[in-house]
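*Asks:* The structure follows.
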Amino acid sequence: LLFPPRMPAPRRILLSPASNALGFHQTKRTEAGIDPNRDFPYDQKPSNCLKTVCARHLYSIFSDSLVQLSLTFHGGMTAIGYEWGAPSHNQQGTVSPDHSAQAAIATSQSLYAGTFSGEKTYPTGPMNSVVYAVKGGFEDWAYASTWDTSHTVTCAPPTYGGYSQPAVGEGGRAFNILVEANKIKKPREQDLGSWEDVFWGGSGGNGHVTRNVRLSLVTLDYAKPYVELLTVNGGNVLDWDSVAGVGGPEGRNVV
């Protein structure tokens, strides 16, 4: 990874820590009895999507922003999944148009996230293979809603007085990657990890949170890859660490 302190500068990072706020508060999967994981307008009936505040909240983020890469963290199993994850694309041998790129990204995420005592590295693959197919999944909707229109619907939810569904524009074409962090949804505190050597998977502070920090950082790096020149014709070039206020005069650039 290149320059973690500087990585946010040329990127816009959007965080939604507890999208299903009611479910998180109640320690439930659902929001008022509705599963947000099935509540998006892809491969779903118009009356069965955007019924939850959670789904509408995430829908608004993607309709307002051109999202390149997205991570959604879940619990219940251990895997990194990418498109496809819908029944309409669950035929044997069916892969997304971006399968090779998504597979390469997921593999690097798994390798850099690493493992720790008692845990395996993340297995990777299409969600239809490593997880299971679902109707109305967030990941497939965020990836394909603007171009796979044959499986995208306009919702007519009965909840909260209905919903005026805004156009997504160019936002519905993200690499939206599912991270199933662990089969235990509430792991022990001692297994969460600490900031001790967070960039090194073999440290004593390794754990669930720290390996997912590493996974998130490598994803952030993919959002805007770059090459930095160190010297030109034997002469030093501008020290961007000093310009950015990171590292000071002794800051070292590494390609």
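So you can find residues: chains in the structure tokens are A, B, ... in the order shown, residues in each start at 1, and ligands are numbered from 1 in order.
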Report as a tab-separated table the residues of region 103-156 of chain A within 10 Å of region 179-190 of chain A, each with its shortest atom pair and distance in Å (one decimal), using only C-alpha atoms, ordered by chain and increasing residue number.

*Replies:*
residue	atom	partner	partner_atom	distance
A:Ala106	CA	A:Val179	CA	9.6
A:Gln109	CA	A:Val179	CA	9.9
A:Ser110	CA	A:Val179	CA	9.9
A:Glu119	CA	A:Asn182	CA	8.8
A:Lys120	CA	A:Asn182	CA	9.9
A:Tyr122	CA	A:Ala181	CA	8.3
A:Pro123	CA	A:Glu180	CA	9.9
A:Thr124	CA	A:Val179	CA	9.4
A:Val131	CA	A:Glu180	CA	8.8

*Asks:* Identify, with DSSP run on backbone atoms, the residues in region 43-250 of chain A assigned to helix (DSSP H, G or I), and express the list as a PyMOL selection string.

*Replies:* chain A and resi 46-48+53-64+87-89+99-113+127-130+138-144+149-151+159-161+189-191+208-223+240-243+248-250

*Asks:* If you run DSSP on the backbone, which residues of region 116-205 of chain A are strand (DSSP E), as a ChimeraX atom specification?

*Replies:* /A:124-126,175-182

*Asks:* Generate the output file for the selected residues, C-alpha atoms, as a short mmCIF file (atom, residue, chain, number, x, y, z; two decimals), in the first residue's frame.

*Replies:*
data_model
loop_
_atom_site.label_atom_id
_atom_site.label_comp_id
_atom_site.auth_asym_id
_atom_site.auth_seq_id
_atom_site.Cartn_x
_atom_site.Cartn_y
_atom_site.Cartn_z
CA THR A 124 -13.55 -15.46 -2.68
CA GLY A 125 -15.92 -15.90 -5.60
CA PRO A 126 -19.23 -14.79 -7.12
CA PHE A 175 -17.98 -2.75 -8.04
CA ASN A 176 -19.99 -3.53 -4.93
CA ILE A 177 -18.25 -6.22 -2.91
CA LEU A 178 -19.81 -8.22 -0.09
CA VAL A 179 -17.59 -9.03 2.88
CA GLU A 180 -18.99 -11.73 5.15
CA ALA A 181 -16.67 -11.03 8.05
CA ASN A 182 -17.29 -14.10 10.22
#

*Asks:* Do you know which residues are at most 10 Å from Gln165 (chain A) counting only C-alpha atoms, after dropping those on the same chain fewer than 4 positions away, and could you put them as JSON, numbers by chain?

*Replies:* {"A": [50, 56, 59, 60, 63, 154, 155, 156, 157]}

*Asks:* Hey, which of A:Asp191, A:Asp221, A:Glu83, A:Asp98 ends up closest to Thr115 (chain A)? Count only C-alpha atoms.

*Replies:* A:Asp191

*Asks:* One number please: CA of Ala144 (chain A) to CA of His74 (chain A), in Å, one decimal.

*Replies:* 20.8 Å

*Asks:* Within 12 Å of Ala18 (chain A), counting only C-alpha atoms, which residues qualify if same-chain residues fewer than 5 places away don't, as an MDAnalysis selection string?

*Replies:* chainID A and resid 23:27 29 31 53:55 57:58 72:74

*Asks:* Since we have the selection now, will you write its residues out, keeping N, CA, C and O atoms, as a PDB file, in the first residue's frame?

*Replies:*
ATOM      1  N   GLY A  23     -32.370  -2.176  13.124  1.00  0.00           N
ATOM      2  CA  GLY A  23     -31.945  -3.556  13.323  1.00  0.00           C
ATOM      3  C   GLY A  23     -30.706  -3.654  14.188  1.00  0.00           C
ATOM      4  O   GLY A  23     -30.593  -4.553  15.033  1.00  0.00           O
ATOM      5  N   PHE A  24     -29.766  -2.733  13.995  1.00  0.00           N
ATOM      6  CA  PHE A  24     -28.555  -2.726  14.814  1.00  0.00           C
ATOM      7  C   PHE A  24     -28.912  -2.483  16.279  1.00  0.00           C
ATOM      8  O   PHE A  24     -28.397  -3.146  17.176  1.00  0.00           O
ATOM      9  N   HIS A  25     -29.803  -1.524  16.510  1.00  0.00           N
ATOM     10  CA  HIS A  25     -30.213  -1.206  17.884  1.00  0.00           C
ATOM     11  C   HIS A  25     -30.911  -2.394  18.540  1.00  0.00           C
ATOM     12  O   HIS A  25     -30.705  -2.673  19.731  1.00  0.00           O
ATOM     13  N   GLN A  26     -31.715  -3.104  17.775  1.00  0.00           N
ATOM     14  CA  GLN A  26     -32.487  -4.221  18.315  1.00  0.00           C
ATOM     15  C   GLN A  26     -31.771  -5.567  18.186  1.00  0.00           C
ATOM     16  O   GLN A  26     -32.308  -6.590  18.598  1.00  0.00           O
ATOM     17  N   THR A  27     -30.550  -5.532  17.645  1.00  0.00           N
ATOM     18  CA  THR A  27     -29.781  -6.756  17.385  1.00  0.00           C
ATOM     19  C   THR A  27     -30.597  -7.729  16.528  1.00  0.00           C
ATOM     20  O   THR A  27     -30.723  -8.920  16.824  1.00  0.00           O
ATOM     21  N   ARG A  29     -31.671  -8.778  12.270  1.00  0.00           N
ATOM     22  CA  ARG A  29     -31.333  -8.669  10.850  1.00  0.00           C
ATOM     23  C   ARG A  29     -32.286  -7.721  10.125  1.00  0.00           C
ATOM     24  O   ARG A  29     -31.907  -7.029   9.190  1.00  0.00           O
ATOM     25  N   GLU A  31     -35.440  -4.737   9.583  1.00  0.00           N
ATOM     26  CA  GLU A  31     -35.907  -3.408  10.007  1.00  0.00           C
ATOM     27  C   GLU A  31     -37.424  -3.461  10.039  1.00  0.00           C
ATOM     28  O   GLU A  31     -38.073  -3.537   8.992  1.00  0.00           O
ATOM     29  N   VAL A  53     -36.162   2.069   5.488  1.00  0.00           N
ATOM     30  CA  VAL A  53     -35.362   3.293   5.545  1.00  0.00           C
ATOM     31  C   VAL A  53     -33.918   2.982   5.166  1.00  0.00           C
ATOM     32  O   VAL A  53     -33.247   3.776   4.501  1.00  0.00           O
ATOM     33  N   CYS A  54     -33.445   1.814   5.571  1.00  0.00           N
ATOM     34  CA  CYS A  54     -32.080   1.401   5.256  1.00  0.00           C
ATOM     35  C   CYS A  54     -31.849   1.393   3.741  1.00  0.00           C
ATOM     36  O   CYS A  54     -30.886   1.976   3.237  1.00  0.00           O
ATOM     37  N   ALA A  55     -32.723   0.712   3.002  1.00  0.00           N
ATOM     38  CA  ALA A  55     -32.562   0.627   1.548  1.00  0.00           C
ATOM     39  C   ALA A  55     -32.689   1.999   0.892  1.00  0.00           C
ATOM     40  O   ALA A  55     -31.940   2.330  -0.033  1.00  0.00           O
ATOM     41  N   HIS A  57     -31.994   4.862   2.240  1.00  0.00           N
ATOM     42  CA  HIS A  57     -30.776   5.604   2.597  1.00  0.00           C
ATOM     43  C   HIS A  57     -29.630   5.260   1.644  1.00  0.00           C
ATOM     44  O   HIS A  57     -28.970   6.145   1.085  1.00  0.00           O
ATOM     45  N   LEU A  58     -29.384   3.963   1.430  1.00  0.00           N
ATOM     46  CA  LEU A  58     -28.315   3.551   0.530  1.00  0.00           C
ATOM     47  C   LEU A  58     -28.635   3.910  -0.915  1.00  0.00           C
ATOM     48  O   LEU A  58     -27.746   4.311  -1.684  1.00  0.00           O
ATOM     49  N   THR A  72     -19.640  -3.809   1.542  1.00  0.00           N
ATOM     50  CA  THR A  72     -20.708  -3.966   2.514  1.00  0.00           C
ATOM     51  C   THR A  72     -20.336  -5.123   3.440  1.00  0.00           C
ATOM     52  O   THR A  72     -20.088  -6.243   2.985  1.00  0.00           O
ATOM     53  N   PHE A  73     -20.243  -4.823   4.736  1.00  0.00           N
ATOM     54  CA  PHE A  73     -19.795  -5.805   5.723  1.00  0.00           C
ATOM     55  C   PHE A  73     -20.991  -6.475   6.386  1.00  0.00           C
ATOM     56  O   PHE A  73     -21.902  -5.799   6.869  1.00  0.00           O
ATOM     57  N   HIS A  74     -20.965  -7.804   6.405  1.00  0.00           N
ATOM     58  CA  HIS A  74     -22.019  -8.603   7.016  1.00  0.00           C
ATOM     59  C   HIS A  74     -21.377  -9.612   7.971  1.00  0.00           C
ATOM     60  O   HIS A  74     -20.159  -9.812   7.975  1.00  0.00           O
TER      61      HIS A  74
END

*Asks:* Quick one: of A:Gly204, A:Val130, A:Trp84, A:Glu170, who's nearest to Trp147 (chain A), counting only C-alpha atoms?

*Replies:*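 Among A:Gly204, A:Val130, A:Trp84, A:Glu170, it is A:Glu170 that comes nearest to Trp147 (chain A).
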